[in-house]
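Structure file coords-v1.txt; described as compact mmCIF, C-alpha atoms.
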```txt
# COMPACT_ATOMS: atom_id res chain seq x y z
CA MET A 123 24.89 10.64 5.67
CA LEU A 124 22.18 10.96 3.03
CA TRP A 125 20.69 7.60 4.01
CA TYR A 126 20.61 8.52 7.68
CA LYS A 127 19.07 11.92 6.95
CA ALA A 128 16.36 10.31 4.79
CA TRP A 129 15.64 7.87 7.63
CA LEU A 130 15.39 10.72 10.16
CA GLU A 131 12.92 12.53 7.91
CA THR A 132 10.54 9.59 7.57
CA ARG A 133 11.16 7.46 10.65
CA TRP A 134 8.12 8.56 12.67
CA ARG A 135 5.78 8.10 9.73
CA PHE A 136 7.21 4.62 9.22
CA LEU A 137 7.14 3.61 12.89
CA ILE A 138 3.56 4.82 13.34
CA GLY A 139 2.51 2.94 10.21
CA LEU A 140 4.33 -0.22 11.32
CA THR A 141 2.70 -0.11 14.75
CA LEU A 142 -0.79 0.38 13.31
CA LEU A 143 -0.39 -2.35 10.70
CA VAL A 144 1.13 -4.87 13.12
CA CYS A 145 -1.72 -4.31 15.58
CA ALA A 146 -4.31 -4.56 12.81
CA GLY A 147 -2.64 -7.72 11.48
CA ALA A 148 -2.71 -9.30 14.93
CA LEU A 149 -6.46 -8.69 15.18
CA ILE A 150 -7.16 -10.61 11.96
CA PRO A 151 -6.50 -14.15 13.24
CA LEU A 152 -7.66 -13.31 16.77
CA GLY A 153 -11.04 -12.21 15.44
CA TYR A 154 -11.70 -15.24 13.23
CA ARG A 155 -13.75 -17.23 15.73
CA GLN A 156 -16.01 -14.26 16.44
CA VAL A 157 -16.61 -13.85 12.71
CA LEU A 158 -17.50 -17.54 12.36
CA ALA A 159 -19.96 -17.21 15.22
CA LEU A 160 -21.64 -14.25 13.55
CA LEU A 161 -21.95 -15.79 10.07
CA PRO A 162 -25.23 -17.66 10.79
CA LEU A 163 -26.76 -14.33 11.83
CA VAL A 164 -26.13 -12.72 8.43
CA PRO A 165 -29.59 -12.13 6.88
CA ASP A 166 -30.51 -13.33 3.41
CA ALA A 167 -30.26 -10.26 1.21
CA GLY A 168 -32.33 -11.85 -1.55
CA GLY A 169 -31.58 -11.22 -5.22
CA GLY A 170 -29.87 -8.32 -6.91
CA GLU A 171 -26.29 -7.14 -6.90
CA LEU A 172 -26.25 -6.41 -3.15
CA GLY A 173 -27.45 -9.88 -2.35
CA ARG A 174 -24.83 -11.43 -4.59
CA VAL A 175 -22.03 -9.41 -2.97
CA LEU A 176 -23.16 -10.30 0.56
CA ARG A 177 -23.42 -13.99 -0.27
CA GLU A 178 -19.98 -13.97 -1.85
CA ARG A 179 -18.44 -12.27 1.18
CA ALA A 180 -20.13 -14.71 3.55
CA ALA A 181 -18.86 -17.63 1.47
CA LEU A 182 -15.30 -16.27 1.66
CA MET A 183 -15.49 -16.11 5.45
CA THR A 184 -16.21 -19.83 5.77
CA SER A 185 -12.58 -20.67 4.96
CA TYR A 186 -9.67 -19.18 6.89
CA ARG A 187 -7.74 -18.40 3.72
CA GLY A 188 -10.74 -16.58 2.27
CA TYR A 189 -11.26 -14.72 5.53
CA VAL A 190 -7.64 -13.51 5.65
CA TRP A 191 -7.66 -12.43 2.01
CA SER A 192 -11.01 -10.61 2.15
CA GLN A 193 -10.42 -8.87 5.48
CA TRP A 194 -6.68 -8.26 5.41
CA PHE A 195 -5.11 -8.23 1.96
CA SER A 196 -8.17 -6.95 0.14
CA GLN A 197 -9.24 -4.36 2.72
CA ASN A 198 -7.53 -3.36 5.97
CA MET A 199 -3.90 -3.91 5.03
CA MET A 200 -4.15 -2.59 1.48
CA GLN A 201 -6.03 0.56 2.50
CA THR A 202 -3.77 1.41 5.46
CA TRP A 203 -0.62 0.66 3.47
CA THR A 204 -1.79 2.98 0.67
CA LEU A 205 -2.34 5.76 3.22
CA PHE A 206 1.23 5.48 4.50
CA ALA A 207 2.65 5.16 0.98
CA ALA A 208 1.23 8.62 0.30
CA ILE A 209 2.45 10.00 3.65
CA ILE A 210 5.99 8.58 3.45
CA GLY A 211 6.33 9.75 -0.16
CA THR A 212 5.81 13.40 0.69
CA GLY A 213 8.51 15.89 1.66
CA GLY A 214 12.00 16.15 0.23
CA LEU A 215 14.13 18.95 -1.14
CA LEU A 216 11.39 21.36 -2.15
CA ASN A 217 9.79 21.12 1.28
CA GLN A 218 13.16 21.72 2.96
CA ALA A 219 13.81 24.74 0.74
CA SER A 220 10.37 26.21 1.48
CA THR A 221 10.97 25.90 5.24
CA GLY A 222 14.51 27.31 5.07
CA ALA A 223 16.24 24.01 5.92
CA LEU A 224 18.84 24.15 3.16
CA TYR A 225 21.56 21.95 4.71
CA THR A 226 20.98 19.09 2.26
CA LEU A 227 21.27 21.44 -0.71
CA SER A 228 24.70 22.57 0.50
CA MET A 229 26.10 19.02 0.37
CA PRO A 230 28.39 18.10 -2.58
CA VAL A 231 25.88 15.68 -4.15
CA SER A 232 23.44 16.03 -7.01
CA ARG A 233 19.76 16.61 -6.40
CA GLY A 234 19.04 13.44 -8.31
CA ARG A 235 21.14 11.40 -5.87
CA VAL A 236 19.42 13.04 -2.89
CA LEU A 237 16.00 12.18 -4.28
CA GLY A 238 17.15 8.68 -5.23
CA VAL A 239 18.39 7.96 -1.73
CA ARG A 240 15.22 9.28 -0.17
CA ALA A 241 13.08 7.22 -2.55
CA SER A 242 15.11 4.10 -1.75
CA VAL A 243 14.67 4.60 1.98
CA GLY A 244 10.95 5.21 1.56
CA LEU A 245 10.50 2.09 -0.58
CA ALA A 246 12.46 0.01 1.94
CA GLU A 247 10.14 1.25 4.68
CA LEU A 248 7.07 0.45 2.59
CA PHE A 249 8.43 -3.03 1.89
CA ALA A 250 8.67 -3.60 5.64
CA LEU A 251 5.14 -2.22 6.10
CA ALA A 252 3.87 -4.80 3.62
CA VAL A 253 5.84 -7.86 4.76
CA VAL A 254 6.14 -7.63 8.56
CA PRO A 255 2.40 -7.26 9.41
CA SER A 256 1.52 -10.02 6.92
CA PHE A 257 3.93 -12.40 8.63
CA VAL A 258 2.28 -11.45 11.93
CA VAL A 259 -0.94 -12.94 10.53
CA THR A 260 0.96 -16.14 9.68
CA ALA A 261 2.64 -16.29 13.09
CA LEU A 262 -0.57 -15.82 15.11
CA SER A 263 -2.85 -18.08 13.05
CA PRO A 264 -2.02 -21.22 15.12
CA LEU A 265 -3.50 -19.46 18.17
CA VAL A 266 -6.96 -20.00 16.66
CA GLY A 267 -6.19 -23.47 15.33
CA GLN A 268 -5.53 -22.30 11.76
CA GLN A 269 -2.61 -22.11 9.38
CA TYR A 270 -1.76 -19.41 6.86
CA GLY A 271 1.28 -20.12 4.72
CA ALA A 272 4.25 -17.75 4.81
CA GLY A 273 4.52 -18.17 1.04
CA ASP A 274 0.98 -16.91 0.49
CA ALA A 275 1.61 -14.01 2.87
CA LEU A 276 4.79 -13.07 0.99
CA VAL A 277 3.11 -13.19 -2.43
CA HIS A 278 0.26 -10.94 -1.30
CA ALA A 279 2.63 -8.57 0.51
CA MET A 280 4.83 -8.27 -2.59
CA CYS A 281 1.78 -7.53 -4.77
CA VAL A 282 0.72 -4.79 -2.37
CA PHE A 283 4.23 -3.36 -2.35
CA VAL A 284 4.96 -3.50 -6.09
CA GLY A 285 1.47 -2.55 -7.24
CA GLY A 286 1.03 0.15 -4.64
CA SER A 287 4.45 1.72 -5.15
CA ILE A 288 2.73 3.88 -7.75
CA PHE A 289 1.16 5.91 -4.91
CA PHE A 290 4.52 6.48 -3.27
CA SER A 291 6.00 7.60 -6.60
CA LEU A 292 3.07 9.92 -7.26
CA ALA A 293 3.55 11.54 -3.84
CA CYS A 294 7.27 11.95 -4.59
CA LEU A 295 6.51 13.55 -7.95
CA LEU A 296 3.94 15.92 -6.43
CA SER A 297 6.45 16.84 -3.71
CA THR A 298 8.66 18.33 -6.43
CA MET A 299 5.74 20.61 -7.37
CA PHE A 300 4.44 21.69 -3.95
CA GLY A 301 6.54 22.96 -1.05
CA ASP A 302 4.31 21.60 1.72
CA ILE A 303 3.72 17.96 2.67
CA TRP A 304 -0.07 18.06 2.81
CA ARG A 305 -1.08 18.77 -0.78
CA PRO A 306 0.97 15.90 -2.27
CA ALA A 307 -0.46 13.47 0.28
CA LEU A 308 -4.06 14.66 -0.17
CA ILE A 309 -3.89 14.62 -3.96
CA THR A 310 -2.38 11.13 -3.91
CA LEU A 311 -5.10 9.84 -1.58
CA LEU A 312 -7.77 11.53 -3.71
CA ALA A 313 -6.35 9.78 -6.77
CA ALA A 314 -6.43 6.46 -4.88
CA GLY A 315 -10.07 7.04 -3.91
CA VAL A 316 -11.09 7.87 -7.48
CA LEU A 317 -9.30 4.76 -8.76
CA GLY A 318 -11.05 2.63 -6.18
CA LEU A 319 -14.49 3.96 -7.10
CA THR A 320 -13.73 3.52 -10.80
CA GLU A 321 -12.73 -0.10 -10.26
CA GLN A 322 -15.94 -0.81 -8.36
CA ALA A 323 -18.00 0.71 -11.16
CA SER A 324 -16.20 -1.33 -13.81
CA SER A 325 -15.87 -4.59 -11.85
CA GLY A 326 -17.39 -6.56 -14.68
CA THR A 327 -14.57 -5.80 -17.12
CA THR A 328 -11.77 -8.25 -17.88
CA LEU A 329 -8.98 -5.69 -17.36
CA PRO A 330 -7.77 -5.86 -13.73
CA GLY A 331 -7.55 -2.51 -11.96
CA LEU A 332 -4.77 -1.33 -9.70
CA PHE A 333 -6.33 -2.52 -6.46
CA HIS A 334 -7.16 -5.92 -7.97
CA VAL A 335 -3.47 -6.22 -8.78
CA MET A 336 -2.50 -5.09 -5.29
CA ASN A 337 -4.74 -7.59 -3.52
CA ALA A 338 -3.63 -10.37 -5.91
CA GLU A 339 -7.18 -11.64 -6.39
CA SER A 340 -6.03 -13.71 -9.37
CA TYR A 341 -3.51 -15.52 -7.15
CA PHE A 342 -6.09 -16.06 -4.43
CA ARG A 343 -8.54 -17.59 -6.94
CA GLY A 344 -5.90 -19.87 -8.42
CA ALA A 345 -5.14 -17.94 -11.62
CA GLY A 346 -1.55 -17.11 -10.69
CA ILE A 347 0.39 -13.99 -9.78
CA PRO A 348 -0.65 -10.94 -11.87
CA TRP A 349 2.79 -10.50 -13.44
CA THR A 350 1.63 -8.26 -16.28
CA GLY A 351 -0.26 -5.91 -13.99
CA LEU A 352 2.70 -5.73 -11.61
CA ALA A 353 5.12 -5.00 -14.45
CA VAL A 354 2.94 -2.19 -15.79
CA ARG A 355 2.62 -0.60 -12.33
CA LEU A 356 6.35 -0.93 -11.77
CA LEU A 357 7.07 0.87 -15.05
CA LEU A 358 4.60 3.64 -14.21
CA SER A 359 6.14 4.01 -10.77
CA GLY A 360 9.62 4.23 -12.22
CA ALA A 361 8.48 6.80 -14.79
CA MET A 362 7.04 9.03 -12.07
CA LEU A 363 10.22 8.80 -10.00
CA TYR A 364 12.24 9.74 -13.07
CA GLY A 365 9.87 12.67 -13.62
CA ALA A 366 10.48 13.71 -10.01
CA VAL A 367 14.26 13.70 -10.59
CA VAL A 368 13.92 15.79 -13.76
CA ASN A 369 11.52 18.20 -12.07
CA ILE A 370 13.65 18.75 -8.96
CA ALA A 371 16.72 19.39 -11.14
CA ARG A 372 14.87 22.30 -12.76
CA GLN A 373 13.89 23.94 -9.50
CA ASP A 374 15.55 27.23 -8.64
CA PHE A 375 16.51 27.20 -4.94
```
Please lay out the structure from this file as structure tokens.
Amino acid sequence: MLWYKAWLETRWRFLIGLTLLVCAGALIPLGYRQVLALLPLVPDAGGGELGRVLRERAALMTSYRGYVWSQWFSQNMMQTWTLFAAIIGTGGLLNQASTGALYTLSMPVSRGRVLGVRASVGLAELFALAVVPSFVVTALSPLVGQQYGAGDALVHAMCVFVGGSIFFSLACLLSTMFGDIWRPALITLLAAGVLGLTEQASSGTTLPGLFHVMNAESYFRGAGIPWTGLAVRLLLSGAMLYGAVVNIARQDF
């Protein structure tokens, strides 16, 4: 019953996210030839940091693997997935109590179990949002005469899911502090934006940021899966979910 109720609460967010990501994933291989045709038209940006970035991006596009990583796993997929991690993570018991929907609270189960079930359903949905659209890229690549390995797609999808679960956990934690669904989502997305800007400003450092772990740049460049970064993010995510359980247990409904 709890599992089904958690699914009912988040199903439309999940289905909308899945539809958007699958459509966006399908456009990645289908747009490759157009990108190749446009590459010779890219102007020479000269020296400086901007010129270096443009040349590096153009060089990535010349290989299909580089194109998929730079356009999908490092941009479109990661950004859209983060948005839905924040959206799916919001809601829960405090929101139900604030709107007068107290049926869940009347059930003979602990608040911790209710939150745990809801978090499990949300994480399962986010896992699907990471894996299914990435396999769509693999499945459609032969249509443009290219191949993208299912193993590579799975590694990148898992890095997005594990590394980005911190945003879902943050939204869950904030949902035990605010009764509406908008403030937790907006604060989570604001935090993601600040982290992204901070990483860009400190791109020359040796410590990989959250989004560099999520896009698995080290794996793409042949340095292996970022196990340490993933483990740290997983611990932080678990700590925030534990904080959400403790916080909701203290609430007076």
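The nearest approach to Pro264 in chain A among the residues A:Leu152, A:Leu158, A:Ala371, A:Met123, with only C-alpha atoms taken into account, belongs to A:Leu152.
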Which polymer residues have any atom within 9 Å of an atom of Leu352 in chain A, counting only C-alpha atoms, with same-chain residues fewer than 3 positions away left out, as a list in words?
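Counting only the stated atoms, we get Cys281, Val284, Gly285, Leu332, Val335, Met336, Ile347, Pro348, Trp349, Arg355, Leu356 and Leu357 of chain A.
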Report, as AutoDock Vina command-line options, the axis-aligned box around all atoms of range 336-353 of chain A present in the file, extended by 4 Å on each side; give centre and edge lengths in Å to one decimal place.
```
--center_x -1.7 --center_y -12.4 --center_z -9.9 --size_x 21.7 --size_y 22.9 --size_z 20.8
```
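Using all atoms listed in the file for every distance, the candidate list A:Leu262, A:Leu295, A:Ala241, A:Leu142 yields A:Leu295 as the residue closest to Val368 in chain A.
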Just how far from CA of His334 in chain A is CA of Pro306 in chain A, in Å to one decimal?
24.0 Å
Check the smallest atom-to-atom distance from each of A:Ser196, A:Gln268, A:Ser340, A:Ser291 to Gly244 in chain A using only C-alpha atoms, then report the winner.
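Result for the nearest residue to Gly244 in chain A: A:Ser291.
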